[in-house]
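Structure file my_file_12.pdb (PDB, C-alpha atoms, pLDDT in the B column) is printed below.
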```pdb
ATOM      1  CA  MET A   1      54.299   7.913 204.944  1.00 60.00           C
ATOM      2  CA  ALA A   2      57.040   5.722 206.358  1.00 70.00           C
ATOM      3  CA  GLY A   3      60.545   6.933 205.542  1.00 74.00           C
ATOM      4  CA  ALA A   4      59.372  10.300 204.224  1.00 78.00           C
ATOM      5  CA  ASP A   5      62.016  12.013 206.322  1.00 80.00           C
ATOM      6  CA  ASN A   6      64.690  10.218 204.232  1.00 82.00           C
ATOM      7  CA  LEU A   7      63.483  11.791 200.981  1.00 87.00           C
ATOM      8  CA  ILE A   8      65.505  14.636 199.515  1.00 88.00           C
ATOM      9  CA  PRO A   9      63.574  17.189 197.423  1.00 89.00           C
ATOM     10  CA  ASN A  10      64.805  17.793 193.868  1.00 88.00           C
ATOM     11  CA  GLU A  11      65.533  21.430 194.689  1.00 90.00           C
ATOM     12  CA  GLN A  12      68.221  20.263 197.146  1.00 91.00           C
ATOM     13  CA  ARG A  13      69.870  17.886 194.658  1.00 92.00           C
ATOM     14  CA  THR A  14      72.708  18.768 192.337  1.00 93.00           C
ATOM     15  CA  PRO A  15      72.030  18.987 188.604  1.00 92.00           C
ATOM     16  CA  GLU A  16      74.049  15.783 188.113  1.00 95.00           C
ATOM     17  CA  GLU A  17      71.871  13.906 190.639  1.00 93.00           C
ATOM     18  CA  ARG A  18      68.698  15.205 189.010  1.00 93.00           C
ATOM     19  CA  ARG A  19      69.967  14.210 185.570  1.00 94.00           C
ATOM     20  CA  ALA A  20      70.895  10.707 186.817  1.00 95.00           C
ATOM     21  CA  ASN A  21      67.490  10.273 188.478  1.00 93.00           C
ATOM     22  CA  ALA A  22      65.706  11.485 185.349  1.00 94.00           C
ATOM     23  CA  ARG A  23      67.730   9.000 183.282  1.00 95.00           C
ATOM     24  CA  LYS A  24      66.800   6.144 185.644  1.00 95.00           C
ATOM     25  CA  ALA A  25      63.138   7.183 185.483  1.00 94.00           C
ATOM     26  CA  GLY A  26      63.240   7.308 181.682  1.00 95.00           C
ATOM     27  CA  ILE A  27      64.762   3.844 181.465  1.00 95.00           C
ATOM     28  CA  ALA A  28      62.186   2.440 183.900  1.00 95.00           C
ATOM     29  CA  SER A  29      59.387   4.128 181.949  1.00 95.00           C
ATOM     30  CA  GLY A  30      60.640   2.613 178.692  1.00 95.00           C
ATOM     31  CA  LYS A  31      60.771  -0.857 180.241  1.00 96.00           C
ATOM     32  CA  ALA A  32      57.227  -0.477 181.598  1.00 96.00           C
ATOM     33  CA  ARG A  33      55.939   0.696 178.198  1.00 95.00           C
ATOM     34  CA  LYS A  34      57.634  -2.236 176.475  1.00 96.00           C
ATOM     35  CA  ARG A  35      56.220  -4.677 179.022  1.00 96.00           C
ATOM     36  CA  LYS A  36      52.700  -3.280 178.530  1.00 96.00           C
ATOM     37  CA  ALA A  37      53.069  -3.454 174.744  1.00 95.00           C
ATOM     38  CA  ASN A  38      54.182  -7.096 174.978  1.00 96.00           C
ATOM     39  CA  MET A  39      51.256  -7.910 177.271  1.00 97.00           C
ATOM     40  CA  LYS A  40      48.868  -6.307 174.781  1.00 94.00           C
ATOM     41  CA  LYS A  41      50.343  -8.318 171.874  1.00 95.00           C
ATOM     42  CA  THR A  42      50.084 -11.527 173.889  1.00 96.00           C
ATOM     43  CA  LEU A  43      46.490 -10.824 174.865  1.00 94.00           C
ATOM     44  CA  GLU A  44      45.542  -9.999 171.264  1.00 93.00           C
ATOM     45  CA  ALA A  45      47.097 -13.282 170.108  1.00 94.00           C
ATOM     46  CA  LEU A  46      45.246 -15.225 172.796  1.00 94.00           C
ATOM     47  CA  LEU A  47      41.921 -13.566 171.983  1.00 92.00           C
ATOM     48  CA  VAL A  48      42.028 -14.692 168.354  1.00 93.00           C
ATOM     49  CA  SER A  49      43.083 -18.251 169.212  1.00 94.00           C
ATOM     50  CA  LYS A  50      40.544 -21.073 169.054  1.00 95.00           C
ATOM     51  CA  VAL A  51      38.508 -21.999 172.118  1.00 93.00           C
ATOM     52  CA  SER A  52      39.718 -25.248 173.683  1.00 93.00           C
ATOM     53  CA  ASN A  53      36.314 -26.143 175.187  1.00 93.00           C
ATOM     54  CA  PRO A  54      34.451 -28.187 172.515  1.00 93.00           C
ATOM     55  CA  GLN A  55      30.998 -27.369 173.938  1.00 93.00           C
ATOM     56  CA  LEU A  56      31.611 -23.622 173.920  1.00 92.00           C
ATOM     57  CA  SER A  57      33.157 -23.866 170.466  1.00 93.00           C
ATOM     58  CA  ARG A  58      30.042 -25.650 169.173  1.00 94.00           C
ATOM     59  CA  VAL A  59      27.718 -23.048 170.760  1.00 93.00           C
ATOM     60  CA  LEU A  60      29.631 -20.178 169.137  1.00 94.00           C
ATOM     61  CA  GLN A  61      29.663 -21.891 165.737  1.00 94.00           C
ATOM     62  CA  ASP A  62      25.931 -22.669 165.964  1.00 95.00           C
ATOM     63  CA  MET A  63      25.286 -18.967 166.616  1.00 94.00           C
ATOM     64  CA  GLY A  64      27.339 -18.074 163.527  1.00 94.00           C
ATOM     65  CA  PHE A  65      30.349 -16.641 165.363  1.00 93.00           C
ATOM     66  CA  GLU A  66      34.003 -17.542 165.207  1.00 93.00           C
ATOM     67  CA  ASP A  67      35.052 -19.995 167.887  1.00 93.00           C
ATOM     68  CA  ASP A  68      37.766 -17.786 169.376  1.00 94.00           C
ATOM     69  CA  TYR A  69      38.217 -16.504 172.908  1.00 94.00           C
ATOM     70  CA  GLU A  70      37.180 -12.980 171.973  1.00 94.00           C
ATOM     71  CA  SER A  71      33.737 -14.185 170.898  1.00 94.00           C
ATOM     72  CA  ALA A  72      33.533 -16.466 173.941  1.00 94.00           C
ATOM     73  CA  LEU A  73      34.270 -13.592 176.342  1.00 93.00           C
ATOM     74  CA  LEU A  74      31.680 -11.393 174.687  1.00 93.00           C
ATOM     75  CA  LEU A  75      29.103 -14.200 174.842  1.00 93.00           C
ATOM     76  CA  VAL A  76      29.748 -14.747 178.559  1.00 93.00           C
ATOM     77  CA  ALA A  77      29.607 -11.004 179.227  1.00 94.00           C
ATOM     78  CA  MET A  78      26.278 -10.794 177.380  1.00 94.00           C
ATOM     79  CA  GLN A  79      24.872 -13.739 179.351  1.00 94.00           C
ATOM     80  CA  LYS A  80      25.891 -12.146 182.653  1.00 96.00           C
ATOM     81  CA  ALA A  81      24.482  -8.772 181.585  1.00 95.00           C
ATOM     82  CA  LEU A  82      21.175 -10.446 180.746  1.00 95.00           C
ATOM     83  CA  LYS A  83      21.123 -11.951 184.249  1.00 96.00           C
ATOM     84  CA  GLY A  84      21.398  -8.414 185.664  1.00 95.00           C
ATOM     85  CA  SER A  85      25.103  -7.809 186.191  1.00 94.00           C
ATOM     86  CA  SER A  86      25.527  -4.049 185.976  1.00 94.00           C
ATOM     87  CA  ARG A  87      29.309  -4.391 185.557  1.00 94.00           C
ATOM     88  CA  HIS A  88      28.811  -6.500 182.448  1.00 94.00           C
ATOM     89  CA  MET A  89      26.163  -4.096 181.152  1.00 93.00           C
ATOM     90  CA  GLU A  90      28.677  -1.253 181.515  1.00 92.00           C
ATOM     91  CA  LEU A  91      31.348  -3.318 179.765  1.00 90.00           C
ATOM     92  CA  ILE A  92      29.067  -3.997 176.804  1.00 91.00           C
ATOM     93  CA  SER A  93      28.058  -0.346 176.687  1.00 89.00           C
ATOM     94  CA  LYS A  94      31.721   0.731 176.656  1.00 87.00           C
ATOM     95  CA  ILE A  95      32.532  -1.708 173.858  1.00 86.00           C
ATOM     96  CA  VAL A  96      29.582  -0.591 171.748  1.00 86.00           C
ATOM     97  CA  ASN A  97      30.169   3.129 172.358  1.00 81.00           C
ATOM     98  CA  SER A  98      33.974   3.078 172.265  1.00 73.00           C
ATOM     99  CA  GLU A  99      34.068   5.014 168.976  1.00 62.00           C
ATOM    100  CA  GLY A 100      32.883   8.175 170.744  1.00 58.00           C
ATOM    101  CA  THR A 101      35.889   8.124 173.049  1.00 62.00           C
ATOM    102  CA  LYS A 102      38.279   7.954 170.141  1.00 63.00           C
ATOM    103  CA  ASP A 103      36.458  10.771 168.366  1.00 70.00           C
ATOM    104  CA  THR A 104      36.734  12.944 171.476  1.00 73.00           C
ATOM    105  CA  LEU A 105      40.453  12.245 171.740  1.00 75.00           C
ATOM    106  CA  ASP A 106      40.907  12.904 168.021  1.00 79.00           C
ATOM    107  CA  LYS A 107      39.132  16.261 168.357  1.00 82.00           C
ATOM    108  CA  LYS A 108      41.360  17.250 171.284  1.00 84.00           C
ATOM    109  CA  GLU A 109      44.440  16.312 169.271  1.00 86.00           C
ATOM    110  CA  GLN A 110      43.194  18.300 166.274  1.00 88.00           C
ATOM    111  CA  LYS A 111      42.568  21.367 168.453  1.00 88.00           C
ATOM    112  CA  ALA A 112      46.074  21.096 169.895  1.00 89.00           C
ATOM    113  CA  ARG A 113      47.569  20.845 166.401  1.00 89.00           C
ATOM    114  CA  ILE A 114      45.553  23.830 165.200  1.00 90.00           C
ATOM    115  CA  LYS A 115      46.705  25.884 168.182  1.00 90.00           C
ATOM    116  CA  SER A 116      50.312  24.857 167.513  1.00 89.00           C
ATOM    117  CA  LEU A 117      50.002  25.861 163.844  1.00 89.00           C
ATOM    118  CA  GLU A 118      48.447  29.203 164.786  1.00 90.00           C
ATOM    119  CA  LEU A 119      51.330  29.936 167.156  1.00 90.00           C
ATOM    120  CA  GLU A 120      53.844  28.929 164.497  1.00 90.00           C
ATOM    121  CA  ASN A 121      52.146  31.214 161.965  1.00 89.00           C
ATOM    122  CA  LYS A 122      52.252  34.111 164.447  1.00 89.00           C
ATOM    123  CA  ARG A 123      55.978  33.563 164.978  1.00 90.00           C
ATOM    124  CA  LYS A 124      56.582  33.502 161.230  1.00 87.00           C
ATOM    125  CA  ALA A 125      54.540  36.684 160.768  1.00 86.00           C
ATOM    126  CA  GLN A 126      56.527  38.394 163.524  1.00 88.00           C
ATOM    127  CA  ALA A 127      59.785  37.271 161.922  1.00 86.00           C
ATOM    128  CA  LEU A 128      58.634  38.704 158.589  1.00 83.00           C
ATOM    129  CA  ASP A 129      57.662  41.987 160.260  1.00 81.00           C
ATOM    130  CA  GLU A 130      61.043  42.218 161.946  1.00 83.00           C
ATOM    131  CA  ALA A 131      62.784  41.460 158.667  1.00 79.00           C
ATOM    132  CA  GLY A 132      60.746  44.258 157.074  1.00 73.00           C
ATOM    133  CA  GLY A 133      58.945  42.209 154.532  1.00 62.00           C
ATOM    134  CA  GLY A 134      55.496  41.462 153.358  1.00 55.00           C
ATOM    135  CA  ALA A 135      53.191  42.421 156.211  1.00 50.00           C
ATOM    136  CA  ASP A 136      52.172  45.823 154.787  1.00 54.00           C
ATOM    137  CA  GLU A 137      51.977  44.726 151.186  1.00 58.00           C
ATOM    138  CA  SER A 138      48.545  43.806 149.934  1.00 64.00           C
ATOM    139  CA  ILE A 139      47.815  41.108 147.400  1.00 67.00           C
ATOM    140  CA  LEU A 140      45.695  41.985 144.381  1.00 66.00           C
ATOM    141  CA  ILE A 141      43.637  39.107 143.065  1.00 67.00           C
ATOM    142  CA  ILE A 142      42.582  39.503 139.457  1.00 69.00           C
ATOM    143  CA  ASP A 143      39.739  37.486 138.096  1.00 66.00           C
ATOM    144  CA  ASP A 144      40.547  37.418 134.418  1.00 67.00           C
ATOM    145  CA  ILE A 145      37.997  34.813 133.438  1.00 69.00           C
ATOM    146  CA  PRO A 146      35.322  36.583 131.356  1.00 65.00           C
ATOM    147  CA  ASN A 147      31.711  36.176 132.415  1.00 66.00           C
ATOM    148  CA  ASP A 148      29.636  34.934 129.493  1.00 58.00           C
TER     149      ASP A 148
END
```
Re-express the file's structure as structure tokens.
Amino acid sequence: MAGADNLIPNEQRTPEERRANARKAGIASGKARKRKANMKKTLEALLVSKVSNPQLSRVLQDMGFEDDYESALLLVAMQKALKGSSRHMELISKIVNSEGTKDTLDKKEQKARIKSLELENKRKAQALDEAGGGADESILIIDDIPND
């Protein structure tokens, strides 16, 4: 890599330099996230706007769809997939099966939360043990509802 000899490893930097670099990186990251969020909002607004091509608009309406760019893009992707475009077939497959991806991510998040709660409960139990309370005491559950 060109100029690699000019790079200074973090281990050789002072804590102040590392802190300043981390701050710069955080600011840049925030700007990039904001830019991406704005691009997403713009794209979403464009996708729901009406198609400017009257012929395409008429075709979409005749098929019973809204005449927006989102429907137009999906129609074009479907036409190309039917002509044999594997990229468009993959795109359609991803769109149709996108719920599975979210479910997988949700399950991972749930597992992480469960693990975090288990660790928190262990810490609380250890704190109770150290404080000398509750761990050795048993709880007696009385079922006082008569069986008829």
Report task. Tell me, in Å to one decimal, how far CA of Leu75 in chain A is from CA of Leu60 in chain A. Result ->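 Distance between the two atoms: 8.3 Å.
Within the file as shown, the PyMOL selection byres ((chain A and resi 56) around 12) identifies Lys50, Val51, Ser52, Asn53, Pro54, Gln55, Ser57, Arg58, Val59, Leu60, Gln61, Asp62, Met63, Phe65, Glu66, Asp67, Asp68, Tyr69, Ser71, Ala72, Leu73, Leu75 and Val76 of chain A.
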Report task. Determine the nearest neighbour of Glu70 in chain A from the options A:Leu82, A:Ala37, A:Leu43, A:Met89, counting only C-alpha atoms. Result ->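 The shortest atom-to-atom distance to Glu70 in chain A comes from A:Leu43.
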